[in-house]
file final.cif (mmCIF, C-alpha atoms and all ligand atoms)
data_entry
#
loop_
_atom_site.label_atom_id
_atom_site.label_comp_id
_atom_site.auth_asym_id
_atom_site.auth_seq_id
_atom_site.Cartn_x
_atom_site.Cartn_y
_atom_site.Cartn_z
CA MET A 115 -3.38 119.18 6.51
CA PRO A 116 -5.23 121.48 9.00
CA ALA A 117 -7.26 119.78 11.75
CA ILE A 118 -10.83 118.94 10.81
CA ARG A 119 -13.42 120.58 13.02
CA ARG A 120 -16.28 121.34 10.69
CA ILE A 121 -17.48 119.30 7.73
CA GLY A 122 -20.11 119.78 5.04
CA ILE A 123 -22.21 117.05 3.48
CA LEU A 124 -24.15 117.10 0.22
CA THR A 125 -26.14 114.72 -1.99
CA GLY A 126 -25.82 115.35 -5.74
CA GLY A 127 -27.26 113.91 -8.94
CA GLY A 128 -30.31 111.67 -9.17
CA ASP A 129 -31.48 110.43 -5.79
CA CYS A 130 -31.57 106.80 -4.69
CA PRO A 131 -32.66 104.84 -1.62
CA GLY A 132 -30.01 104.94 1.11
CA LEU A 133 -28.87 108.58 0.84
CA ASN A 134 -30.37 109.39 4.24
CA ALA A 135 -28.64 106.36 5.75
CA VAL A 136 -25.27 107.80 4.63
CA ILE A 137 -26.14 111.31 5.90
CA ARG A 138 -27.08 109.74 9.23
CA ALA A 139 -23.92 107.61 9.47
CA VAL A 140 -21.55 110.49 8.63
CA THR A 141 -23.31 112.96 10.93
CA LYS A 142 -23.81 110.68 13.92
CA ALA A 143 -20.25 109.33 13.79
CA ALA A 144 -18.88 112.88 13.38
CA LEU A 145 -20.86 114.20 16.35
CA ASN A 146 -20.45 111.14 18.51
CA GLN A 147 -16.89 110.03 17.91
CA TYR A 148 -15.06 113.18 16.88
CA LYS A 149 -17.20 116.04 18.29
CA LEU A 150 -17.18 117.76 14.89
CA GLU A 151 -19.68 120.31 13.63
CA VAL A 152 -21.63 119.06 10.63
CA PHE A 153 -23.30 121.27 8.02
CA GLY A 154 -25.81 120.04 5.47
CA ILE A 155 -25.67 121.63 2.03
CA GLU A 156 -29.06 121.86 0.36
CA ASP A 157 -29.71 120.49 -3.14
CA GLY A 158 -26.18 119.28 -3.93
CA PHE A 159 -23.75 121.73 -5.52
CA LEU A 160 -26.65 124.14 -6.03
CA GLY A 161 -26.63 124.81 -2.27
CA LEU A 162 -22.93 125.69 -2.42
CA ILE A 163 -23.52 127.95 -5.43
CA GLN A 164 -26.43 129.71 -3.70
CA ASN A 165 -24.97 129.52 -0.17
CA ARG A 166 -27.73 127.40 1.34
CA ILE A 167 -25.94 125.62 4.17
CA ARG A 168 -27.43 124.63 7.55
CA GLN A 169 -26.03 123.01 10.66
CA LEU A 170 -27.13 119.45 11.38
CA ALA A 171 -27.81 118.29 14.92
CA TRP A 172 -28.32 114.74 16.19
CA GLY A 173 -32.10 115.20 16.04
CA ASP A 174 -31.96 116.17 12.35
CA VAL A 175 -30.56 112.77 11.42
CA SER A 176 -32.56 110.62 13.83
CA ASN A 177 -35.24 108.39 12.35
CA ILE A 178 -34.02 108.74 8.77
CA LEU A 179 -32.25 105.39 8.31
CA THR A 180 -35.23 103.81 6.58
CA LEU A 181 -36.39 106.94 4.76
CA GLY A 182 -36.17 107.11 0.95
CA GLY A 183 -34.92 110.25 -0.86
CA THR A 184 -32.59 112.75 0.83
CA ILE A 185 -33.39 115.16 3.66
CA LEU A 186 -30.87 117.59 2.10
CA GLY A 187 -32.44 117.60 -1.35
CA THR A 188 -30.44 117.11 -4.54
CA SER A 189 -29.94 118.55 -7.99
CA ASN A 190 -28.63 116.93 -11.12
CA ALA A 191 -28.42 120.18 -13.03
CA ALA A 192 -25.91 122.13 -10.94
CA ASN A 193 -22.40 121.64 -12.20
CA PRO A 194 -20.27 124.52 -10.75
CA LYS A 195 -18.08 124.48 -13.88
CA LYS A 196 -21.06 124.73 -16.21
CA TYR A 197 -23.76 126.59 -14.33
CA ALA A 198 -26.76 127.76 -16.38
CA VAL A 199 -27.92 131.33 -15.68
CA LYS A 200 -30.78 133.15 -17.37
CA ARG A 201 -29.88 136.54 -18.89
CA GLY A 202 -33.13 137.87 -20.32
CA ALA A 203 -34.39 135.32 -22.82
CA LYS A 204 -30.96 133.70 -23.11
CA THR A 205 -29.36 130.99 -20.98
CA GLU A 206 -25.63 131.42 -20.42
CA ILE A 207 -23.30 128.72 -19.12
CA ILE A 208 -20.72 130.10 -16.66
CA ASP A 209 -18.03 128.71 -14.33
CA VAL A 210 -18.93 129.41 -10.67
CA THR A 211 -16.32 127.17 -9.03
CA ASP A 212 -14.66 130.16 -7.28
CA ARG A 213 -18.01 131.16 -5.77
CA VAL A 214 -18.53 127.63 -4.49
CA VAL A 215 -15.07 127.58 -2.86
CA GLU A 216 -15.72 131.03 -1.29
CA HIS A 217 -19.03 129.88 0.21
CA ALA A 218 -17.46 126.71 1.61
CA GLN A 219 -14.59 128.71 3.13
CA ALA A 220 -16.91 131.39 4.53
CA ALA A 221 -18.90 128.62 6.27
CA GLY A 222 -15.61 127.41 7.75
CA LEU A 223 -15.88 123.95 6.18
CA ASP A 224 -12.62 122.03 6.52
CA ALA A 225 -13.85 119.21 4.31
CA LEU A 226 -16.81 118.07 2.24
CA VAL A 227 -18.45 114.66 1.99
CA CYS A 228 -19.96 114.46 -1.51
CA ILE A 229 -22.48 111.67 -1.95
CA GLY A 230 -23.20 111.15 -5.63
CA GLY A 231 -22.51 109.47 -8.94
CA ASP A 232 -20.00 110.19 -11.70
CA GLY A 233 -21.33 113.75 -12.30
CA THR A 234 -20.95 114.65 -8.60
CA MET A 235 -17.49 113.06 -8.50
CA SER A 236 -16.32 115.13 -11.46
CA GLY A 237 -17.63 118.24 -9.63
CA ALA A 238 -15.75 117.12 -6.48
CA ALA A 239 -12.58 116.51 -8.53
CA ASP A 240 -12.69 120.19 -9.65
CA LEU A 241 -13.19 121.44 -6.09
CA ILE A 242 -10.18 119.40 -4.93
CA LYS A 243 -8.09 121.16 -7.61
CA HIS A 244 -9.29 124.45 -6.09
CA GLY A 245 -8.03 123.42 -2.64
CA LEU A 246 -11.21 122.02 -1.07
CA ASN A 247 -10.77 118.76 0.76
CA CYS A 248 -13.45 116.28 -0.50
CA ILE A 249 -14.29 112.64 0.13
CA GLY A 250 -16.77 110.92 -2.20
CA VAL A 251 -19.42 108.33 -1.40
CA PRO A 252 -20.85 106.48 -4.42
CA LYS A 253 -24.60 106.24 -4.94
CA THR A 254 -26.66 105.23 -7.92
CA ILE A 255 -29.34 102.72 -8.78
CA ASP A 256 -27.35 102.12 -11.99
CA ASN A 257 -24.40 100.48 -10.14
CA ASP A 258 -22.18 101.90 -12.87
CA LEU A 259 -19.50 103.77 -10.94
CA GLU A 260 -15.99 102.90 -12.11
CA GLY A 261 -13.90 101.11 -9.49
CA CYS A 262 -16.90 100.25 -7.29
CA GLU A 263 -18.53 96.83 -7.51
CA ARG A 264 -21.62 97.82 -5.56
CA THR A 265 -23.26 101.20 -5.00
CA PHE A 266 -26.02 101.58 -2.43
CA GLY A 267 -29.46 102.11 -3.97
CA PHE A 268 -28.91 99.36 -6.52
CA ASP A 269 -30.23 96.53 -4.35
CA THR A 270 -33.44 98.45 -3.59
CA ALA A 271 -33.96 99.30 -7.27
CA VAL A 272 -33.44 95.65 -8.27
CA ASN A 273 -36.02 94.62 -5.65
CA THR A 274 -38.52 97.21 -6.88
CA ALA A 275 -38.02 96.32 -10.55
CA ALA A 276 -38.23 92.57 -9.87
CA GLU A 277 -41.42 93.04 -7.87
CA CYS A 278 -42.95 95.02 -10.75
CA LEU A 279 -41.84 92.38 -13.26
CA ASP A 280 -43.51 89.70 -11.11
CA LYS A 281 -46.75 91.70 -11.23
CA ILE A 282 -46.47 92.13 -15.01
CA HIS A 283 -45.96 88.35 -15.20
CA SER A 284 -49.44 87.54 -13.90
CA THR A 285 -51.26 89.88 -16.28
CA ALA A 286 -49.07 88.67 -19.18
CA MET A 287 -50.20 85.11 -18.42
CA SER A 288 -53.89 86.02 -18.32
CA HIS A 289 -53.82 87.82 -21.65
CA HIS A 290 -51.22 85.69 -23.44
CA ARG A 291 -49.19 88.75 -24.22
CA VAL A 292 -45.64 89.80 -24.80
CA MET A 293 -44.78 92.41 -22.16
CA VAL A 294 -41.82 94.73 -22.66
CA VAL A 295 -40.74 96.28 -19.35
CA GLU A 296 -38.28 99.18 -19.50
CA VAL A 297 -35.97 99.65 -16.53
CA MET A 298 -33.46 102.43 -15.84
CA GLY A 299 -29.68 102.14 -15.85
CA ARG A 300 -28.45 104.68 -18.43
CA ASN A 301 -25.67 103.12 -20.49
CA ALA A 302 -25.11 100.17 -18.16
CA GLY A 303 -27.23 97.02 -18.05
CA TRP A 304 -26.70 96.04 -14.40
CA LEU A 305 -30.23 96.84 -13.27
CA ALA A 306 -31.86 95.10 -16.27
CA LEU A 307 -29.58 92.08 -15.89
CA HIS A 308 -30.25 91.59 -12.17
CA ALA A 309 -33.99 92.39 -12.28
CA GLY A 310 -34.36 90.29 -15.43
CA VAL A 311 -32.64 87.25 -13.91
CA ALA A 312 -34.47 87.68 -10.57
CA SER A 313 -37.85 87.74 -12.33
CA GLY A 314 -37.09 84.94 -14.79
CA SER A 315 -37.56 87.23 -17.79
CA ASP A 316 -37.45 85.36 -21.09
CA ILE A 317 -35.45 88.05 -22.86
CA ILE A 318 -33.11 90.60 -21.25
CA LEU A 319 -31.88 93.51 -23.34
CA ILE A 320 -28.91 95.51 -22.11
CA PRO A 321 -26.98 98.40 -23.71
CA GLU A 322 -23.78 96.35 -23.85
CA ILE A 323 -25.40 93.81 -26.26
CA PRO A 324 -27.21 95.50 -29.18
CA TYR A 325 -30.24 93.40 -30.11
CA ASP A 326 -31.37 91.85 -33.37
CA LEU A 327 -35.15 92.34 -33.84
CA ASP A 328 -35.48 89.20 -36.01
CA LYS A 329 -33.80 87.11 -33.29
CA ILE A 330 -36.17 88.52 -30.64
CA CYS A 331 -39.20 87.73 -32.82
CA ALA A 332 -37.85 84.23 -33.51
CA VAL A 333 -37.53 83.58 -29.72
CA LEU A 334 -41.07 84.87 -29.13
CA THR A 335 -42.73 82.90 -31.95
CA ASP A 336 -40.79 79.83 -30.94
CA ARG A 337 -42.14 80.17 -27.40
CA SER A 338 -45.72 80.55 -28.62
CA ARG A 339 -45.27 77.45 -30.85
CA GLN A 340 -44.19 75.55 -27.73
CA ASP A 341 -47.44 76.64 -26.11
CA LYS A 342 -45.74 79.24 -23.90
CA ARG A 343 -48.50 81.76 -24.30
CA PHE A 344 -46.76 84.80 -22.85
CA SER A 345 -43.27 86.28 -22.73
CA ILE A 346 -41.55 88.86 -20.55
CA ILE A 347 -38.83 91.13 -21.91
CA CYS A 348 -36.80 93.11 -19.38
CA CYS A 349 -35.32 95.93 -21.40
CA SER A 350 -32.77 98.47 -20.24
CA GLU A 351 -33.55 102.10 -21.19
CA GLY A 352 -30.12 102.18 -22.89
CA ALA A 353 -30.73 99.10 -25.07
CA SER A 354 -30.62 99.61 -28.83
CA GLN A 355 -30.99 97.66 -32.03
CA LYS A 356 -27.82 96.53 -33.82
CA GLY A 357 -26.72 99.47 -35.96
CA GLY A 358 -29.41 101.67 -34.36
CA GLU A 359 -29.45 104.55 -31.89
CA LYS A 360 -30.50 104.68 -28.24
CA VAL A 361 -33.96 106.20 -27.70
CA VAL A 362 -33.61 109.64 -26.10
CA ALA A 363 -36.53 111.05 -24.09
CA GLN A 364 -35.11 114.49 -23.27
CA ARG A 365 -31.99 116.68 -23.34
CA ILE A 366 -31.22 118.67 -20.17
CA GLU A 367 -28.44 121.05 -21.19
CA SER A 368 -27.65 122.23 -17.66
CA SER A 369 -26.99 118.69 -16.45
CA PRO A 370 -23.46 117.20 -16.39
CA ASP A 371 -24.95 114.34 -18.45
CA PRO A 372 -27.60 116.05 -20.61
CA ILE A 373 -29.08 112.94 -22.25
CA ARG A 374 -32.14 111.37 -20.60
CA LEU A 375 -32.88 107.98 -22.11
CA GLY A 376 -36.39 106.55 -22.31
CA GLY A 377 -38.96 105.22 -24.74
CA ILE A 378 -37.29 102.04 -26.00
CA ALA A 379 -40.11 99.81 -24.61
CA ILE A 380 -42.77 101.58 -26.68
CA LYS A 381 -40.63 101.40 -29.83
CA LEU A 382 -39.72 97.77 -29.30
CA ALA A 383 -43.31 96.72 -28.52
CA ALA A 384 -44.47 98.29 -31.80
CA ASP A 385 -41.64 96.60 -33.72
CA ILE A 386 -42.42 93.21 -32.15
CA SER A 387 -46.16 93.51 -32.93
CA GLN A 388 -45.27 94.25 -36.51
CA CYS A 389 -42.70 91.53 -37.03
CA SER A 390 -44.36 88.72 -35.04
CA GLY A 391 -48.06 89.62 -34.99
CA LEU A 392 -48.08 88.89 -31.22
CA ASP A 393 -50.16 91.01 -28.87
CA THR A 394 -47.52 93.18 -27.18
CA ARG A 395 -47.60 95.88 -24.49
CA ALA A 396 -44.99 98.24 -23.09
CA THR A 397 -44.45 99.46 -19.51
CA ALA A 398 -41.73 101.86 -18.36
CA LEU A 399 -41.04 101.60 -14.63
CA GLY A 400 -39.39 105.04 -14.50
CA HIS A 401 -38.64 106.86 -11.26
CA ILE A 402 -40.49 104.35 -9.10
CA GLN A 403 -37.13 102.53 -9.19
CA ARG A 404 -35.48 105.43 -7.35
CA GLY A 405 -38.09 105.73 -4.63
CA GLY A 406 -39.05 104.08 -1.38
CA SER A 407 -37.32 102.78 1.69
CA PRO A 408 -33.86 101.23 1.16
CA THR A 409 -33.56 97.46 1.58
CA PRO A 410 -31.69 96.25 4.69
CA PHE A 411 -28.71 95.48 2.38
CA ASP A 412 -28.60 99.11 1.19
CA ARG A 413 -29.04 100.45 4.74
CA VAL A 414 -26.05 98.41 5.87
CA LEU A 415 -23.89 99.34 2.85
CA ALA A 416 -24.80 103.03 3.21
CA THR A 417 -23.90 102.98 6.92
CA VAL A 418 -20.55 101.31 6.25
CA PHE A 419 -19.82 103.78 3.40
CA GLY A 420 -20.72 106.81 5.53
CA HIS A 421 -18.59 105.67 8.45
CA HIS A 422 -15.63 104.87 6.16
CA ALA A 423 -15.89 108.31 4.52
CA LEU A 424 -15.56 109.97 7.90
CA GLU A 425 -12.67 107.73 8.96
CA LEU A 426 -10.86 108.62 5.71
CA LEU A 427 -11.32 112.33 6.37
CA MET A 428 -10.12 112.03 9.95
CA SER A 429 -7.07 110.05 8.88
CA GLY A 430 -6.04 112.98 6.68
CA ALA A 431 -7.10 111.56 3.30
CA SER A 432 -8.53 113.78 0.59
CA GLY A 433 -9.72 113.27 -2.97
CA GLN A 434 -10.72 109.69 -2.23
CA LEU A 435 -13.91 107.84 -3.12
CA VAL A 436 -15.19 105.15 -0.79
CA VAL A 437 -15.77 101.97 -2.82
CA TRP A 438 -16.80 98.36 -2.42
CA SER A 439 -14.20 96.26 -4.22
CA GLY A 440 -12.74 92.78 -3.90
CA GLY A 441 -15.49 91.91 -1.42
CA GLY A 442 -14.72 94.69 1.06
CA ILE A 443 -14.69 98.38 1.85
CA ASN A 444 -11.94 100.30 0.13
CA HIS A 445 -11.12 103.65 -1.45
CA THR A 446 -9.76 104.96 -4.72
CA PRO A 447 -8.79 108.44 -6.01
CA ILE A 448 -11.91 110.39 -7.12
CA GLU A 449 -10.01 111.56 -10.20
CA LYS A 450 -9.71 107.97 -11.40
CA VAL A 451 -13.48 107.46 -11.46
CA ALA A 452 -14.87 110.90 -12.40
CA ASN A 453 -16.73 110.88 -15.74
CA ARG A 454 -16.27 107.14 -16.26
CA GLN A 455 -18.85 104.37 -16.32
CA ARG A 456 -18.62 100.72 -15.32
CA LEU A 457 -20.42 98.62 -17.92
CA VAL A 458 -21.45 94.94 -17.82
CA PRO A 459 -18.66 92.79 -19.30
CA ILE A 460 -20.25 90.52 -21.89
CA ASP A 461 -18.60 87.49 -20.29
CA HIS A 462 -19.98 88.36 -16.83
CA PRO A 463 -20.88 85.17 -14.86
CA LEU A 464 -24.49 86.29 -14.35
CA LEU A 465 -24.92 86.72 -18.08
CA THR A 466 -23.42 83.28 -18.69
CA ALA A 467 -25.73 81.73 -16.06
CA ALA A 468 -28.77 83.45 -17.61
CA ARG A 469 -27.87 82.17 -21.07
CA ALA A 470 -27.40 78.67 -19.62
CA VAL A 471 -30.98 78.63 -18.29
CA GLY A 472 -32.33 79.68 -21.68
CA THR A 473 -32.59 83.45 -21.34
CA SER A 474 -32.10 85.30 -24.61
CA PHE A 475 -30.17 88.55 -24.86
CA GLY A 476 -31.60 89.28 -28.28
CA ASP A 477 -28.29 88.55 -30.02
O1 LIG B 1 -28.54 107.67 -12.89
C1 LIG B 1 -29.72 107.35 -12.26
C2 LIG B 1 -30.89 107.48 -13.20
O2 LIG B 1 -32.05 107.12 -12.48
C3 LIG B 1 -30.77 106.70 -14.50
O3 LIG B 1 -31.01 105.34 -14.34
C4 LIG B 1 -31.75 107.45 -15.36
O4 LIG B 1 -31.42 107.34 -16.72
C5 LIG B 1 -31.58 108.88 -14.92
O5 LIG B 1 -31.05 108.83 -13.61
C6 LIG B 1 -32.86 109.68 -14.90
O6 LIG B 1 -32.56 110.98 -14.50
P1 LIG B 1 -33.64 112.11 -14.15
O7 LIG B 1 -33.83 112.08 -12.68
O8 LIG B 1 -33.00 113.38 -14.62
O9 LIG B 1 -34.90 111.79 -14.89
#

call {"tool": "encode", "arguments": {"input": "final.cif", "output": "structure tokens"}}
result
Amino acid sequence: MPAIRRIGILTGGGDCPGLNAVIRAVTKAALNQYKLEVFGIEDGFLGLIQNRIRQLAWGDVSNILTLGGTILGTSNAANPKKYAVKRGAKTEIIDVTDRVVEHAQAAGLDALVCIGGDGTMSGAADLIKHGLNCIGVPKTIDNDLEGCERTFGFDTAVNTAAECLDKIHSTAMSHHRVMVVEVMGRNAGWLALHAGVASGSDIILIPEIPYDLDKICAVLTDRSRQDKRFSIICCSEGASQKGGEKVVAQRIESSPDPIRLGGIAIKLAADISQCSGLDTRATALGHIQRGGSPTPFDRVLATVFGHHALELLMSGASGQLVVWSGGGINHTPIEKVANRQRLVPIDHPLLTAARAVGTSFGD
């Protein structure tokens, strides 16, 4: 493998707290330890498609450790293999991978650090096949990347969601209401499970366990008979009724994963009102879960991930994704994780503990 002198770094897919901490770790370690040149690619793969690449100096990455979002920008609708271009009134999907490789080569990039989720990793896997050396760093508030037990961003999102659930708790008590709180997570219930347990939610609904509306109503009416005058339901956006469909908010055709889930809380609140007669309200936490300053845990994880990514590159590795597995920092081939999701096993110890303390999963 040729010597590495110049690297590119990009953040792709939905943002999450801790992206800047990774950018900082990679850039500072590259400048400090290896005297490399570092180039930031704007808006994920879109910046490589449109050739928007700028050099990063020490000052560019100072004071960003605690900053939410990403100083490079991101895009979750720029898949080089399926790039949407407008031709008159029509939108055409074309493959621009060759253009991306040309731009990276013209900028003299010897390697790319791609910080992203499964969509970004599948993009990186294609670039590797085209001869570009890439190392992946996993991010997502969903914590659903295959082969990685903990992604940065997740801890902050759990904290935010749990804090919101605590606030919902007090108003639920005052009004003796059932409150359905929808959290993100796509097809994986990690965020709902952790935020639900952390907030003591009475019912937690996750995509991995389709719910039975009659069972939910029985739990709620039972609670009100026992003089528990309010109930909190922490519901994943990907939850669905047994035999039913997930609630889809939007389709974004240009995105590697075009389905945007959302709306289950409103549907479920209406169903609960009807079947139990209880006063019920719905709240969707939405993108607030992706915002804000990363928790100290996420800052630390992001720093360790960023440093490990650089060490992998400098040791001559390519096509590897940095992961947290078996209680430590590790790496696995990007190809093995691209386009795959890590779901909650239904015998997961946290689920078992929640059931033991009386939490219902609506089943
Ligand atoms: O994957 C992260 C995530 O925040 C999911 O939890 C959510 O379903 C999705 O992204 C929302 O994406 P967008 O930013 O396109 O609304």

call {"tool": "closest_residue", "arguments": {"input": "final.cif", "among": "A:Lys360, A:Thr274, A:Arg395, A:Ala468", "to": "His289 (chain A)", "atoms": "only C-alpha atoms"}}
result
A:Arg395

call {"tool": "residues_near_ligand", "arguments": {"input": "final.cif", "ligand": "ligand LIG 1 (chain B)", "cutoff": "6 Å", "atoms": "only C-alpha atoms and all ligand atoms", "output": "PyMOL selection string"}}
result
chain A and resi 128+254-256+298-300+374-375

call {"tool": "write_last_selection", "arguments": {"input": "final.cif", "atoms": "C-alpha atoms", "output": "tab-separated table (two decimals), in the coordinates of the input"}}
result
chain	number	residue	atom	x	y	z
A	128	GLY	CA	-30.31	111.67	-9.17
A	254	THR	CA	-26.66	105.23	-7.92
A	255	ILE	CA	-29.34	102.72	-8.78
A	256	ASP	CA	-27.35	102.12	-11.99
A	298	MET	CA	-33.46	102.43	-15.84
A	299	GLY	CA	-29.68	102.14	-15.85
A	300	ARG	CA	-28.45	104.68	-18.43
A	374	ARG	CA	-32.14	111.37	-20.60
A	375	LEU	CA	-32.88	107.98	-22.11

call {"tool": "residues_around", "arguments": {"input": "final.cif", "residues": "Leu392 (chain A)", "least_positions_apart": "5", "cutoff": "9 Å", "atoms": "only C-alpha atoms", "output": "ChimeraX atom specification"}}
result
/A:290-292,334-335,386-387

call {"tool": "residues_around", "arguments": {"input": "final.cif", "residues": "Gly314 (chain A)", "least_positions_apart": "4", "cutoff": "9 Å", "atoms": "only C-alpha atoms", "output": "VMD selection string"}}
result
chain A and resid 279 to 280 309 to 310 346 468 473

call {"tool": "residues_near_point", "arguments": {"input": "final.cif", "point": "(-31.2, 89.4, -26.2)", "cutoff": "10 Å", "atoms": "only C-alpha atoms", "output": "ChimeraX atom specification"}}
result
/A:316-320,323-327,329-330,333,347-349,353,469,473-477

call {"tool": "closest_atom_pairs", "arguments": {"input": "final.cif", "of": "region 157-269 of chain A", "to": "region 415-433 of chain A", "cutoff": "9 Å", "atoms": "only C-alpha atoms", "output": "JSON lines"}}
result
{"residue": "A:Leu179", "atom": "CA", "partner": "A:Thr417", "partner_atom": "CA", "distance": 8.8}
{"residue": "A:Ala225", "atom": "CA", "partner": "A:Leu427", "partner_atom": "CA", "distance": 7.6}
{"residue": "A:Leu226", "atom": "CA", "partner": "A:Leu427", "partner_atom": "CA", "distance": 9.0}
{"residue": "A:Val227", "atom": "CA", "partner": "A:Ala423", "partner_atom": "CA", "distance": 7.3}
{"residue": "A:Ala238", "atom": "CA", "partner": "A:Gly433", "partner_atom": "CA", "distance": 8.0}
{"residue": "A:Ala239", "atom": "CA", "partner": "A:Gly433", "partner_atom": "CA", "distance": 7.0}
{"residue": "A:Ile242", "atom": "CA", "partner": "A:Gly433", "partner_atom": "CA", "distance": 6.5}
{"residue": "A:Leu246", "atom": "CA", "partner": "A:Ser432", "partner_atom": "CA", "distance": 8.8}
{"residue": "A:Asn247", "atom": "CA", "partner": "A:Ser432", "partner_atom": "CA", "distance": 5.5}
{"residue": "A:Cys248", "atom": "CA", "partner": "A:Gly433", "partner_atom": "CA", "distance": 5.4}
{"residue": "A:Ile249", "atom": "CA", "partner": "A:Gly433", "partner_atom": "CA", "distance": 5.6}
{"residue": "A:Gly250", "atom": "CA", "partner": "A:Ala423", "partner_atom": "CA", "distance": 7.3}
{"residue": "A:Val251", "atom": "CA", "partner": "A:Phe419", "partner_atom": "CA", "distance": 6.6}
{"residue": "A:Pro252", "atom": "CA", "partner": "A:Phe419", "partner_atom": "CA", "distance": 8.3}
{"residue": "A:Lys253", "atom": "CA", "partner": "A:Ala416", "partner_atom": "CA", "distance": 8.8}
{"residue": "A:Arg264", "atom": "CA", "partner": "A:Leu415", "partner_atom": "CA", "distance": 8.8}
{"residue": "A:Thr265", "atom": "CA", "partner": "A:Leu415", "partner_atom": "CA", "distance": 8.1}
{"residue": "A:Phe266", "atom": "CA", "partner": "A:Ala416", "partner_atom": "CA", "distance": 5.9}
{"residue": "A:Gly267", "atom": "CA", "partner": "A:Ala416", "partner_atom": "CA", "distance": 8.6}

call {"tool": "atom_distance", "arguments": {"input": "final.cif", "atom1": "CA of Ala384 (chain A)", "atom2": "CA of Phe268 (chain A)"}}
result
29.7 Å

call {"tool": "atom_distance", "arguments": {"input": "final.cif", "atom1": "CA of Leu464 (chain A)", "atom2": "CA of His283 (chain A)"}}
result
21.6 Å

call {"tool": "residues_around", "arguments": {"input": "final.cif", "residues": "region 200-214 of chain A", "least_positions_apart": "4", "cutoff": "12 Å", "atoms": "all atoms listed in the file", "output": "PyMOL selection string"}}
result
chain A and resi 155+158-167+191-196+218-221+223+226+237-246+367-370

call {"tool": "residues_around", "arguments": {"input": "final.cif", "residues": "region 149-153 of chain A", "least_positions_apart": "3", "cutoff": "8 Å", "atoms": "all atoms listed in the file", "output": "PDB file with C-alpha atoms, in the coordinates of the input"}}
result
ATOM      1  CA  ILE A 118     -10.830 118.940  10.810  1.00  0.00           C
ATOM      2  CA  ARG A 119     -13.420 120.580  13.020  1.00  0.00           C
ATOM      3  CA  ARG A 120     -16.280 121.340  10.690  1.00  0.00           C
ATOM      4  CA  ILE A 121     -17.480 119.300   7.730  1.00  0.00           C
ATOM      5  CA  GLY A 122     -20.110 119.780   5.040  1.00  0.00           C
ATOM      6  CA  ILE A 123     -22.210 117.050   3.480  1.00  0.00           C
ATOM      7  CA  THR A 141     -23.310 112.960  10.930  1.00  0.00           C
ATOM      8  CA  ALA A 144     -18.880 112.880  13.380  1.00  0.00           C
ATOM      9  CA  LEU A 145     -20.860 114.200  16.350  1.00  0.00           C
ATOM     10  CA  ASN A 146     -20.450 111.140  18.510  1.00  0.00           C
ATOM     11  CA  ILE A 167     -25.940 125.620   4.170  1.00  0.00           C
ATOM     12  CA  ARG A 168     -27.430 124.630   7.550  1.00  0.00           C
ATOM     13  CA  GLN A 169     -26.030 123.010  10.660  1.00  0.00           C
ATOM     14  CA  LEU A 170     -27.130 119.450  11.380  1.00  0.00           C
ATOM     15  CA  ALA A 171     -27.810 118.290  14.920  1.00  0.00           C
TER      16      ALA A 171
END

call {"tool": "closest_residue", "arguments": {"input": "final.cif", "among": "A:Asp232, A:Asp224, A:Glu260, A:Asp129", "to": "Gln403 (chain A)", "atoms": "only C-alpha atoms"}}
result
A:Asp129

call {"tool": "residues_near_point", "arguments": {"input": "final.cif", "point": "(-21.7, 105.3, -14.7)", "cutoff": "12 Å", "atoms": "all atoms listed in the file", "output": "VMD selection string"}}
result
chain A and resid 127 230 to 236 252 to 265 299 to 304 371 451 to 458

call {"tool": "write_last_selection", "arguments": {"input": "final.cif", "atoms": "C-alpha atoms", "output": "compact mmCIF listing (two decimals), in the coordinates of the input"}}
result
# COMPACT_ATOMS: atom_id res chain seq x y z
CA GLY A 127 -27.26 113.91 -8.94
CA GLY A 230 -23.20 111.15 -5.63
CA GLY A 231 -22.51 109.47 -8.94
CA ASP A 232 -20.00 110.19 -11.70
CA GLY A 233 -21.33 113.75 -12.30
CA THR A 234 -20.95 114.65 -8.60
CA MET A 235 -17.49 113.06 -8.50
CA SER A 236 -16.32 115.13 -11.46
CA PRO A 252 -20.85 106.48 -4.42
CA LYS A 253 -24.60 106.24 -4.94
CA THR A 254 -26.66 105.23 -7.92
CA ILE A 255 -29.34 102.72 -8.78
CA ASP A 256 -27.35 102.12 -11.99
CA ASN A 257 -24.40 100.48 -10.14
CA ASP A 258 -22.18 101.90 -12.87
CA LEU A 259 -19.50 103.77 -10.94
CA GLU A 260 -15.99 102.90 -12.11
CA GLY A 261 -13.90 101.11 -9.49
CA CYS A 262 -16.90 100.25 -7.29
CA GLU A 263 -18.53 96.83 -7.51
CA ARG A 264 -21.62 97.82 -5.56
CA THR A 265 -23.26 101.20 -5.00
CA GLY A 299 -29.68 102.14 -15.85
CA ARG A 300 -28.45 104.68 -18.43
CA ASN A 301 -25.67 103.12 -20.49
CA ALA A 302 -25.11 100.17 -18.16
CA GLY A 303 -27.23 97.02 -18.05
CA TRP A 304 -26.70 96.04 -14.40
CA ASP A 371 -24.95 114.34 -18.45
CA VAL A 451 -13.48 107.46 -11.46
CA ALA A 452 -14.87 110.90 -12.40
CA ASN A 453 -16.73 110.88 -15.74
CA ARG A 454 -16.27 107.14 -16.26
CA GLN A 455 -18.85 104.37 -16.32
CA ARG A 456 -18.62 100.72 -15.32
CA LEU A 457 -20.42 98.62 -17.92
CA VAL A 458 -21.45 94.94 -17.82

call {"tool": "residues_around", "arguments": {"input": "final.cif", "residues": "Ala383 (chain A)", "least_positions_apart": "6", "cutoff": "7 Å", "atoms": "only C-alpha atoms", "output": "PyMOL selection string"}}
result
chain A and resi 294+394-396

call {"tool": "decode", "arguments": {"input": "final.cif", "residues": "region 117-121 of chain A", "atoms": "C-alpha atoms", "output": "tab-separated table (two decimals), in the first residue's frame"}}
result
chain	number	residue	atom	x	y	z
A	117	ALA	CA	2.42	5.71	2.08
A	118	ILE	CA	-0.34	7.81	3.57
A	119	ARG	CA	0.32	11.54	3.45
A	120	ARG	CA	-3.07	13.07	2.88
A	121	ILE	CA	-6.42	11.89	4.21
